[in-house]
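Reviewing the structure listed below.
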Amino acid sequence: MASAATPTTGFSLLRQSTTTSRTRSSLLQLSPSSLRLRPTTLPRLGFTAADPLFSHAVASTLRSFGSANGGGTPVRGVVSMAKKSVGDLGAADLKGKKVFLRADLNVPLDDNQNITDDTRIRAAIPTIKYLTQNGAKVILSSHLGRPKGVTPKFSLAPLVPRLSELLGIQVVKADDSIGPEVEKLVASLPDGGVLLLENVRFYKEEEKNDPEHAKKLASLADIYVNDAFGTAHRAHASTEGVTKYLKPSVAGFLLQKELDYLVGAVSNPKRPFAAIVGGSKVSSKIGVIESLLEKVDILLLGGGMIFTFYKAQGLAVGSSLVEEDKLDLATSLIEKAKAKGVSLLLPSDVVIADKFAPDANSKIVPSSAIPDGWMGLDIGPDSIKTFNEALDTTQTIIWNGPMGVFEFDKFAAGTEGVTTIIGGGDSVAAVEKVGVASVMSHISTGGGASLELLEGKELPGVLALDEATPVARLIAMATKRSVGTLKESELKGKRVFVRVDLNVPLDDNLTITDDTRVRAAVPTIQYLMGYGAKVILCSHLGRPKGVTPKFSLKPLVPRLSELLGYDVKMANDSVGEEVEKLIAETPEGGVVLLENVRFYKEEEKNDPEFAKKLASLADVYVNDAFGTAHRAHASTEGVAKYLKPSVAGFLMQKELDYLVGAVANPKRPFAAIVGGSKVSSKIGVIESLLGKVNLLFLGGGMIFTFYKAQGYAVGSSLVEEDKLELATSLMEKAKAKGVTILLPTDVVIADKFSPDANSKIVPASSIPDGWMGLDIGPDSIKTFSDALDTTQTVIWNGPMGVFEFEKFAAGTEAVARKLAELSGKGVTTIIGGGDSVAAVEKVGLADKMSHISTGGGASLELLEGKPLPGVLALDEA
């Protein structure tokens with residue numbers, strides 16, 4: 001380890017010592033080999049701005065990233081940002097419709113009102129053309145500059161010729177953005193025509209998001225499309241307000257592309273994942289840095305902010321820019337990086353100047369040796385060289401902020417040397433200056449918006465749009481790489497960490513009472529054994545608080561060994577030296593079962609250090625535990641950050657194939673049967689299924705909330721009084737979507753909640769006081785059965801009654817028998833976890849169903865369209 005006063009060439013990984021003060025720290029100098037750099041034949045990026053090979057080197061390197069990344073195809077990763085796209089609307093939705101399109105046409109104009117850069121106009125064209133080609137009447141809205149009231153120099157009139165040229169049609173220009181004259185122009189607009197409104201910021205009500213102004217804008221149209229990512233972080237009338245009055249409200253192609261790349265790269269990056277953050281001040285990038293520390297493997301810092309970090313480490317910085325009030329912050333960020341295992345890289349040499357001017361005298365010095373009176377204005381050549389060698393190890397790069405004062409050619413070499421996904425602002429300007437924008441994976445059009453998105457902030461202009469269809473989200477989760485794609489060359493002799501779900505029921509003697517989950521895990525294990533892998537099995541059991549003997553996995557070893565035909569070895573822990581020794585001694589094709597991973601509280605906290613310890617045991621990761629896929633735990637999501645490949649096991653893949661496949665592309669008619677005690681626990685499932693099914697059957701205790709919402713007497717049956725309006729709205733939604741909802745017409749009622757209660761059958765509308773409904777009646781069973789005979793796909797989640805009491809189990813058992821019958825006739829029948837599975841098992845018909853889900857909570861959340869962290873963390877197919 002070199003001292004701060006004698007840095008070597010390359011870059012610095014700053015490591016704050018716990019025994020030193022801020023003015024007495026150490027710099028760990030890393031060589032390229034210490035980063036396990038992959039070999040490359042590409043030219044390095046560390047050329048000066050004048051070097052004729054510079055552009056070629058940048059382009060070549062980025063193309064290499066693209067090919068390694070499957071052509072740079074983005075993955076939509078953050079479901080809260082998964083919005084309905086204009087591409088989801090077809091000619092039937094658009095022809096003859098007036099579409100209010102918010103674009104970002106805020107382009108630079110010279111003194112003669114000529115456009116000097118038409119990038120944003122060109123970026124808006126694909127969405128406009130799509131709308132016009134589908135027969136829509138496009139009402140184009142944008143701002144330009146920062147006008148104070150009506151300001152002629154900020155008129156959008158100069159944009160009309162270029163817009164018309166790019167679209168191949170004559171764009172009509174309005175002199176206002178609202179009012180009778182605008183309405184007249186809209187009325188006269190032909191199908192496929194385009195009307196450009198005047199600068200929407202000529203009205204102060206726009207930036208105030210005034211509801212009345214938003215209403216006036218919305219009154220011009222039938223549909224809203226937001227394609228202005230650059231303003232998506234602003235809740236203005238034309239970006240957020242209008243969505244309250246126009247449906248559908250969807251993302252344009254440019255906005256969707258921004259979300260796909262920026263959100264996809266951050267939430268599910270190809271690793272190693274690096275971020276390059278530059279700019280003049282730490283204060284302007286605090287949020288970005290803190291957010292990225294949660295996600296990246298390498299964080300490279302440049303620009304003026306580095307001198308605050310240097311001074312925080314006790315280095316002399318001359319007259320370089322320093323934020324004195326951010327020294328403690330800089331130290332804390334370094335400590336956070338260390339705690340999270342992120343390599344925080346700072347330049348080891350800098351270009352300094354004797355004044356802030358393009359003609360300043362300049363020289364290159366170590367970052368620890370900036371003399372008084374001199375200021376740092378760029379990173380140095382050694383830093384450029386080693387930064388780029390480090391970047392050669394990566395698969396995903398996001399860059400936000402320049403490395404130096406790139407406006408001055410003398411101090412631009414560092415900025416022009418590193419690129420991939422460019423996060424807006426000055427970074428984009430630098431890329432444009434070098435002339436390599438066309439080879440970037442993605443150039444963001446939104447400076448402030450991309451910055452806030454990288455910080456993890458919500459973007460009002462995005463959140464206001466309609467959610468992507470749950471089907472689209474489900475499909476994104478289903479396209480994961482499977483263990484079946486791994487062959488002998490990838491598995492033989494490799495240590496494979498397999499997360500399984502062996503959370504089986506045990507009796508008082510610790511004997512397994514139901515081995516379904518153990519049997520379900522066998523195909524994946526046997527596949528790996530057959531290819532000579534060393535299989536490391538990891539699971540939880542129960543809900544232990546620390547080490548709890550009754551929740552040990554040891555009772556599972558005999559059954560596992562019997563099913564696998566192999567003597568499974570059991571570890572006494574899930575991490576540590578003894579575990580490592582046992583794995584090292586395991587032969588190819590052997591199996592080790594780790595102790596209950598939830599004996600460590602760090603598991604459920606998804607602690608990065610614990611995840612690293614688990615990952616260090618293996619070379620490959622397989623997740624076959626669908627039942628825990630809805631939990632972001634260390635063994636289900638955390639380890640995927642450190643092991644590649646990370647793939648789905650056969651059970652996980654089967655769950656996704658059936659549940660996603662049935663919902664996304666079902667054979668119709670498609671029916672869902674939803675039961676259970678409360679509406680509140682199934683709101684998400686019901687609302688999601690209303691967008692997909694043809695028939696929806698409701699049973700269980702929840703039906704009485706629906707009955708009371710319709711004015712029926714329900715006696716003392718279970719009712720959620722605060723969900724009566726919800727029940728009514730769900731019925732209305734079903735009607736609007738053309739979905740047939742079937743509620744039981746008769747019910748089995750009881751005078752108390754007990755297996756020996758008195759019972760009788762009454763119409764659903766005639767439950768007497770003091771009696772409660774505990775099952776559906778025989779007429780309902782017949783009606784349900786007849787309706788199910790018309791179906792081709794059925795999903796069932798939740799019992800029809802209190803099936804634990806034999807007297808009130810008839811409805812649930814009848815549904816199970818009917819589905820078994822339908823399965824024999826070729827109908828796809830899927831049992832969606834929980835009590836429905838227990839009911840099917842009880843009547844001995846599990847083997848008759850098309851698919852029995854092993855994941856109660858996971859299958860429920862998947863049917864709701866929610867993201868499953870344990871699935872999203874896996875490699876794309």
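In the structure tokens, chains take the letters A, B, ... in the order shown, each chain's residues start at 1, and ligands count up from 1 in the order shown.
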
List as JSON, numbers by chain the protein and nucleic acid residues near A:Leu696, meaning an atom at most 9 Å away when only C-alpha atoms are counted, but skip any in the same chain fewer than 3 places from it.
{"A": [670, 671, 672, 673, 674, 686, 689, 690, 693, 734, 739, 740, 741, 742, 743]}

Which residues, written as a list in words, have at least one atom at most 8 Å from A:Asp769, with only C-alpha atoms counted and residues fewer than 2 positions away on the same chain left out?
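Answer for this query is Val714, Gly715, Ser716, Ile767 and Trp771 of chain A.
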
What is the atom CA of A:Asn694 to atom CA of A:Val225 distance in Å?
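For atom CA of A:Asn694 relative to atom CA of A:Val225, the distance reads 29.1 Å.
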
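Distances from A:Ala218, A:Leu255, A:Leu391, A:Val815 to A:Asp104 were compared using only C-alpha atoms, and the smallest one belongs to A:Leu255.
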
Nearest to A:Leu327 among A:Lys281, A:Arg817, A:Lys723, A:Lys494, with distances taken over only C-alpha atoms: which residue is it?
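Residue with the minimum atom-to-atom distance to A:Leu327: A:Lys281.
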
Between atom CA of A:Leu718 and atom CA of A:Gly701, what is the spacing in Å?
6.1 Å

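Pairwise distance (atom CA of A:Arg598, atom CA of A:Cys538) equals 10.1 Å.
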